[in-house]
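Undergrad: What follows is a structure written as structure tokens; I'll ask about it next.
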Amino acid sequence: MLVGSNVSIVDTGVSPPAPKDHAETIKAGAAAPSTIEDDVFVGTGALVLKGMTIGEGAVVGAGSAVTQDVPPHRGGGQASERGGSQ
């Protein structure tokens, strides 16, 4: 697995609970581990949400959010839209 800089892989909601509450969140079922298989590339600034599986040989684009499983040997993630002057 190769992971770019500023990648976030979360196992709970996007707003993490206070560290003292993390164990209770896991026990309550709010947490879901993600699975990242072999030979995966996750681009800079990507976000992998809880419970996602990124299959072997898959590529997650820079600045994208993984909101559904990525099949093996495929590209995945939704690129974030950035506003700019027209």
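All residue names refer to the structure tokens as shown: chains lettered A, B, ... in order, residues numbered from 1 in each chain, ligands numbered from 1 in order.
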Determine, counting only C-alpha atoms, which protein, DNA and RNA residues have an atom within 6 Å of an atom of segment 4-13 of chain A; residues of the same chain fewer than 2 positions away are not included. Present the result as a ChimeraX atom specification.

TA: /A:15,31-33,43-50

Undergrad: If you count only C-alpha atoms, which residues fall within 6 Å of segment 52-63 of chain A, apart from same-chain ones fewer than 3 positions away, as a list in words?

TA: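 Residues meeting the cut-off are Ser34, Thr35, Ile36, Glu37, Asp38, Asp39, Val40, Phe41, Val42, Gly43, Thr44, Gly45, Ala46, Asp69, Val70, Pro71, Pro72, His73, Arg74, Gly75, Gly76 and Gly77 of chain A.
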